[in-house]
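For reference, the structure discussed in these notes is given below.
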Amino acid sequence: MRAQRTMMQRRPSVAGPSGRGSFSCRKRRKFGDRARGRRDGMSSVGVTDALRAIDRRALADRFRARQRWSAARADGGGPEDWGERFRASGRLTVNMHPDRVDRNGRTVASGLAADGAYRSQWATGISAGSRSAVSGGERQRFERELFDGAYDDVDPTSGKHPVYGALDLLFDEHGGSPRFGSSYLVLASHVRRRITFCLGDSHQAPRDVGTFDQPWSVLAGLAEQAQQGRLLDRPLDADVLRSVLSGGYRTKRATRDLDGYVEIQIHGGVSLAEDVEAVVLDPSFRGTEVEEHIRVNDGRFGVKLGWHCGSELGIDDVPTDFRGPTMSTLARQVAATDGVVHARAIGIAAARINFKEPTPDGDSADSALQRLKYLWHTVLAHGHDAKPTG
């Protein structure tokens with residue numbers, strides 16, 4: 001059944017926390033004094049060592065980060081002067097496809113309603129990245145390298161592996177890393193205490209990593225991007241970076257960028273009741289079971305439902321030189337009856353594919369799941385806001 005979409009808002013109805021209000025009065029030591037053995041009631045297995053590993057790397061790189069910051073002509077003081085502002089900047093988001101079906105036969109949305117928690121691909125077997133969370137797989141390899149083996153002895157079925165999201169510095173309409181999902185969770189500010197992050201994607205072994213205690217290298221990387229006029233892969237300069245770090249910047253429209261983000265790794269789990277403030281959905285899910293499941297979370301956990309502007313692409317507008325020449329044919333196969341491809345249309349096609357367990361190298365480039373992932377990238381990058389109906 002197609003989602004019946006009514007007139008929708010141009011901005012998300014739930015913007016999420018700005019960060020400034022929650023952290024501007026806190027001293028830096030609030031992060032430094034965080035309880036390493038237990039965080040927000042979650043198990044400390046793997047968490048303590050992972051956070052310490054990133055803290056050590058970032059602290060060791062602090063002197064070089066200061067040099068890079070100065071070389072990038074990031075006016076207005078050193079990275080230490082901007083560190084406190086950075087700790088309160090942006091919002092934490094976790095992009096996801098709410099209608100993808102996991103190894104238990106549940107969609108992400110129904111799993112949220114049933115468990116009251118968002119699970120990593122180690123537990124669900126699904127991902128909008130590389131489905132390689134198996135022993136000896138690619139995900140285990142880069143998590144071992146990033147966190148110095150902190151999760152090597154953690155049971156894959158325990159749900160204790162990190163969850164991935166983004167520090168959404170620009171308050172983008174589609175969340176901080178929309179290539180990984182049409183919809184997103186907005187996390188509470190207290191989750192910052194158990195977050196590590198990197199500039200770019202962790203599977204590429206980025207040099208710039210940090211925590212909100214030790215953000216220096218990531219700050220330097222952002223300053224270098226801004227000096228080149230390409231902050232977060234967008235045409236944004238140092239003036240915008242200063243505005244971002246001062247809490248005064250909001251992007252005026254969805255940027256539809258696939259690659260420019262600060263990846264976050266959330267350690268200690270993501271609980272709807274404790275850690276999530278809102279779920280913001282793509283409007284193609286209006287009137288569907290996805291919406292019904294998310295509304296359950298409002299009543300049970302106080303998680304608000306919001307909507308963003310959406311992404312649509314007509315089948316005649318699918319480019320042939322982006323994500324391969326087969327995208328046009330695939331779009332015609334999965335499009336809704338009006339010839340439009342959107343998140344729900346792609347999800348319906350994905351649900352028809354029999355679940356297969358992840359493999360060490362992830363899904364092959366020509367697999368059905370990978371091709372649908374590429375189609376979502378195409379819709380996001382080349383599409384437009386959803387047209388209001390009703």
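By convention here, the chains of the structure tokens are called A, B, ... in the order presented, each chain's residues are numbered starting at 1, and ligands are numbered starting at 1 in the order presented.
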**OP:** Identify, on the basis of only C-alpha atoms, every residue whose closest approach to A:Thr378 does not exceed 9 Å; exclude the query and any residue fewer than 6 positions from it along the same chain; express the result as a PyMOL selection string.
**Re:** chain A and resi 313+318-319+322-323+327
**OP:** Please provide the set of residues having any atom within 7 Å of stretch 279-292 of chain A, restricted to only C-alpha atoms, with same-chain residues fewer than 5 positions apart removed, written as a PyMOL selection string.
**Re:** chain A and resi 3-5+98-99+109+182-186+303-310+342-344
With N, CA and C atoms retained, export the selected residues as a short mmCIF file (atom, residue, chain, number, x, y, z; two decimals), in the first residue's frame.
data_model
loop_
_atom_site.label_atom_id
_atom_site.label_comp_id
_atom_site.auth_asym_id
_atom_site.auth_seq_id
_atom_site.Cartn_x
_atom_site.Cartn_y
_atom_site.Cartn_z
N ALA A 3 2.09 4.99 0.65
CA ALA A 3 1.85 5.94 1.73
C ALA A 3 1.01 7.09 1.19
N GLN A 4 -0.04 7.46 1.93
CA GLN A 4 -0.86 8.60 1.56
C GLN A 4 -0.28 9.84 2.22
N ARG A 5 0.38 10.70 1.44
CA ARG A 5 1.10 11.83 1.99
C ARG A 5 0.26 13.09 1.95
N PRO A 98 14.12 2.99 8.04
CA PRO A 98 13.25 2.40 9.05
C PRO A 98 12.48 1.17 8.59
N ASP A 99 12.47 0.91 7.28
CA ASP A 99 11.68 -0.22 6.78
C ASP A 99 12.53 -1.41 6.35
N ALA A 109 11.91 -0.12 12.26
CA ALA A 109 10.87 0.59 13.03
C ALA A 109 10.17 -0.32 14.02
N SER A 182 17.26 7.17 5.04
CA SER A 182 16.31 8.23 4.68
C SER A 182 15.75 8.95 5.89
N SER A 183 15.87 8.35 7.07
CA SER A 183 15.29 8.88 8.30
C SER A 183 16.36 8.85 9.38
N TYR A 184 16.06 9.46 10.53
CA TYR A 184 17.12 9.49 11.54
C TYR A 184 16.59 9.69 12.95
N LEU A 185 17.41 9.22 13.90
CA LEU A 185 17.19 9.48 15.32
C LEU A 185 17.93 10.76 15.69
N VAL A 186 17.35 11.52 16.60
CA VAL A 186 18.04 12.66 17.21
C VAL A 186 18.33 12.29 18.65
N VAL A 303 9.40 9.61 22.84
CA VAL A 303 10.19 9.97 21.65
C VAL A 303 9.26 10.63 20.62
N LYS A 304 9.55 11.85 20.27
CA LYS A 304 8.70 12.59 19.35
C LYS A 304 8.92 12.17 17.90
N LEU A 305 7.86 12.26 17.12
CA LEU A 305 7.93 11.97 15.69
C LEU A 305 8.00 13.27 14.91
N GLY A 306 8.96 13.36 14.02
CA GLY A 306 9.09 14.51 13.15
C GLY A 306 9.19 14.08 11.69
N TRP A 307 9.06 15.04 10.79
CA TRP A 307 9.13 14.77 9.35
C TRP A 307 10.08 15.78 8.71
N HIS A 308 10.82 15.31 7.72
CA HIS A 308 11.65 16.26 6.97
C HIS A 308 11.10 16.42 5.55
N CYS A 309 11.83 17.11 4.71
CA CYS A 309 11.30 17.50 3.40
C CYS A 309 11.26 16.37 2.39
N GLY A 310 12.00 15.28 2.65
CA GLY A 310 11.94 14.14 1.76
C GLY A 310 12.86 14.23 0.55
N HIS A 342 11.29 6.97 -4.32
CA HIS A 342 11.53 7.60 -3.02
C HIS A 342 11.93 6.50 -2.04
N ALA A 343 12.13 6.87 -0.78
CA ALA A 343 12.64 5.92 0.21
C ALA A 343 11.74 4.71 0.37
N ARG A 344 10.44 4.92 0.42
CA ARG A 344 9.53 3.79 0.64
C ARG A 344 9.53 2.85 -0.56
#
Subject >> Near-A:Asp298 list (10 Å; only C-alpha atoms; drop same-chain fewer than 3 positions) as a ChimeraX atom specification >> reply: /A:113,272-273,277-279,293-295,301-305
Would you put the residues from that selection into a file with N, CA and C atoms, as a PDB file, in the first residue's frame?
ATOM      1  N   ALA A 113      10.163  -0.311  18.283  1.00  0.00           N
ATOM      2  CA  ALA A 113       8.964  -0.366  19.114  1.00  0.00           C
ATOM      3  C   ALA A 113       8.992  -1.570  20.061  1.00  0.00           C
ATOM      4  N   LEU A 272      15.859   4.126  23.606  1.00  0.00           N
ATOM      5  CA  LEU A 272      14.844   5.117  23.245  1.00  0.00           C
ATOM      6  C   LEU A 272      14.420   5.934  24.460  1.00  0.00           C
ATOM      7  N   ALA A 273      14.242   5.276  25.582  1.00  0.00           N
ATOM      8  CA  ALA A 273      13.753   5.967  26.772  1.00  0.00           C
ATOM      9  C   ALA A 273      14.766   6.964  27.316  1.00  0.00           C
ATOM     10  N   GLU A 277      15.637  11.643  21.553  1.00  0.00           N
ATOM     11  CA  GLU A 277      14.637  12.702  21.713  1.00  0.00           C
ATOM     12  C   GLU A 277      13.586  12.676  20.616  1.00  0.00           C
ATOM     13  N   ALA A 278      13.981  12.267  19.403  1.00  0.00           N
ATOM     14  CA  ALA A 278      13.042  12.309  18.287  1.00  0.00           C
ATOM     15  C   ALA A 278      13.447  11.322  17.213  1.00  0.00           C
ATOM     16  N   VAL A 279      12.470  10.891  16.436  1.00  0.00           N
ATOM     17  CA  VAL A 279      12.705  10.148  15.208  1.00  0.00           C
ATOM     18  C   VAL A 279      12.117  10.982  14.077  1.00  0.00           C
ATOM     19  N   HIS A 293       4.606   2.324  13.962  1.00  0.00           N
ATOM     20  CA  HIS A 293       5.582   1.816  14.924  1.00  0.00           C
ATOM     21  C   HIS A 293       6.304   2.963  15.628  1.00  0.00           C
ATOM     22  N   ILE A 294       6.634   3.997  14.897  1.00  0.00           N
ATOM     23  CA  ILE A 294       7.350   5.117  15.512  1.00  0.00           C
ATOM     24  C   ILE A 294       6.448   5.865  16.485  1.00  0.00           C
ATOM     25  N   ARG A 295       5.170   5.971  16.169  1.00  0.00           N
ATOM     26  CA  ARG A 295       4.239   6.656  17.083  1.00  0.00           C
ATOM     27  C   ARG A 295       4.101   5.882  18.404  1.00  0.00           C
ATOM     28  N   PHE A 301       7.948   5.827  25.251  1.00  0.00           N
ATOM     29  CA  PHE A 301       9.254   6.339  25.653  1.00  0.00           C
ATOM     30  C   PHE A 301       9.362   7.862  25.580  1.00  0.00           C
ATOM     31  N   GLY A 302       8.316   8.531  25.135  1.00  0.00           N
ATOM     32  CA  GLY A 302       8.383   9.979  25.012  1.00  0.00           C
ATOM     33  C   GLY A 302       9.227  10.461  23.846  1.00  0.00           C
ATOM     34  N   VAL A 303       9.399   9.613  22.839  1.00  0.00           N
ATOM     35  CA  VAL A 303      10.186   9.972  21.654  1.00  0.00           C
ATOM     36  C   VAL A 303       9.265  10.627  20.625  1.00  0.00           C
ATOM     37  N   LYS A 304       9.550  11.849  20.266  1.00  0.00           N
ATOM     38  CA  LYS A 304       8.696  12.593  19.349  1.00  0.00           C
ATOM     39  C   LYS A 304       8.916  12.169  17.900  1.00  0.00           C
ATOM     40  N   LEU A 305       7.864  12.263  17.116  1.00  0.00           N
ATOM     41  CA  LEU A 305       7.926  11.967  15.688  1.00  0.00           C
ATOM     42  C   LEU A 305       8.003  13.268  14.908  1.00  0.00           C
TER      43      LEU A 305
END
Original post:
Could you pull the residues within 8 Å of A:Gly165, counting only C-alpha atoms, minus those fewer than 4 positions along the same chain, as an NGL selection string?
Top reply: :A and (92-95 or 176-177 or 263-266)
So that I have them on file, write out the residues from the current selection with C-alpha atoms, as a CSV table (one decimal), in the first residue's frame.
chain,number,residue,atom,x,y,z
A,92,LEU,CA,23.8,13.9,17.3
A,93,THR,CA,21.9,12.0,14.6
A,94,VAL,CA,21.7,8.3,13.6
A,95,ASN,CA,20.5,7.9,10.0
A,176,GLY,CA,24.1,14.3,9.6
A,177,SER,CA,24.8,11.4,7.3
A,263,GLU,CA,31.1,10.2,11.9
A,264,ILE,CA,30.3,9.4,15.5
A,265,GLN,CA,30.5,6.1,17.3
A,266,ILE,CA,28.0,5.7,20.2
Please tabulate, as JSON lines, the residues of stretch 148-189 of chain A that come within 8 Å of stretch 48-68 of chain A, each with its closest pair of atoms and the distance in Å to one decimal, counting only C-alpha atoms and ordering rows by chain, then residue number upward.
{"residue": "A:Asp148", "atom": "CA", "partner": "A:Ala53", "partner_atom": "CA", "distance": 6.3}
{"residue": "A:Gly149", "atom": "CA", "partner": "A:Ala50", "partner_atom": "CA", "distance": 8.0}
{"residue": "A:Ala150", "atom": "CA", "partner": "A:Ala50", "partner_atom": "CA", "distance": 5.3}
{"residue": "A:Tyr151", "atom": "CA", "partner": "A:Ala50", "partner_atom": "CA", "distance": 7.7}
Keeping only N, CA and C atoms, write the selected residues as a PDB file, in the first residue's frame.
ATOM      1  N   ASP A 148      41.559  -0.126  19.186  1.00  0.00           N
ATOM      2  CA  ASP A 148      42.638  -0.915  19.790  1.00  0.00           C
ATOM      3  C   ASP A 148      42.117  -2.229  20.375  1.00  0.00           C
ATOM      4  N   GLY A 149      41.206  -2.872  19.689  1.00  0.00           N
ATOM      5  CA  GLY A 149      40.726  -4.185  20.094  1.00  0.00           C
ATOM      6  C   GLY A 149      39.785  -4.187  21.284  1.00  0.00           C
ATOM      7  N   ALA A 150      39.193  -3.029  21.602  1.00  0.00           N
ATOM      8  CA  ALA A 150      38.333  -2.935  22.786  1.00  0.00           C
ATOM      9  C   ALA A 150      37.133  -3.876  22.726  1.00  0.00           C
ATOM     10  N   TYR A 151      36.664  -4.189  21.515  1.00  0.00           N
ATOM     11  CA  TYR A 151      35.463  -5.018  21.389  1.00  0.00           C
ATOM     12  C   TYR A 151      35.767  -6.450  20.944  1.00  0.00           C
TER      13      TYR A 151
END
Subject >> Selected residue, from A:Pro325, A:Ala71, A:Leu258, A:Ile315, that lies nearest to A:His174 when counting only C-alpha atoms >> reply: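 Using only C-alpha atoms, the shortest distance to A:His174 belongs to A:Leu258.
Restricting the calculation to only C-alpha atoms, the smallest distance between A:Asp115 and any of A:Asn297, A:Ser364, A:Thr196, A:Ser70 is found for A:Asn297.
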Subject >> Using only C-alpha atoms: which of A:Leu219, A:Ile195, A:Ala226, A:Ala335 has the shortest distance to A:Asp81 >> reply: A:Leu219
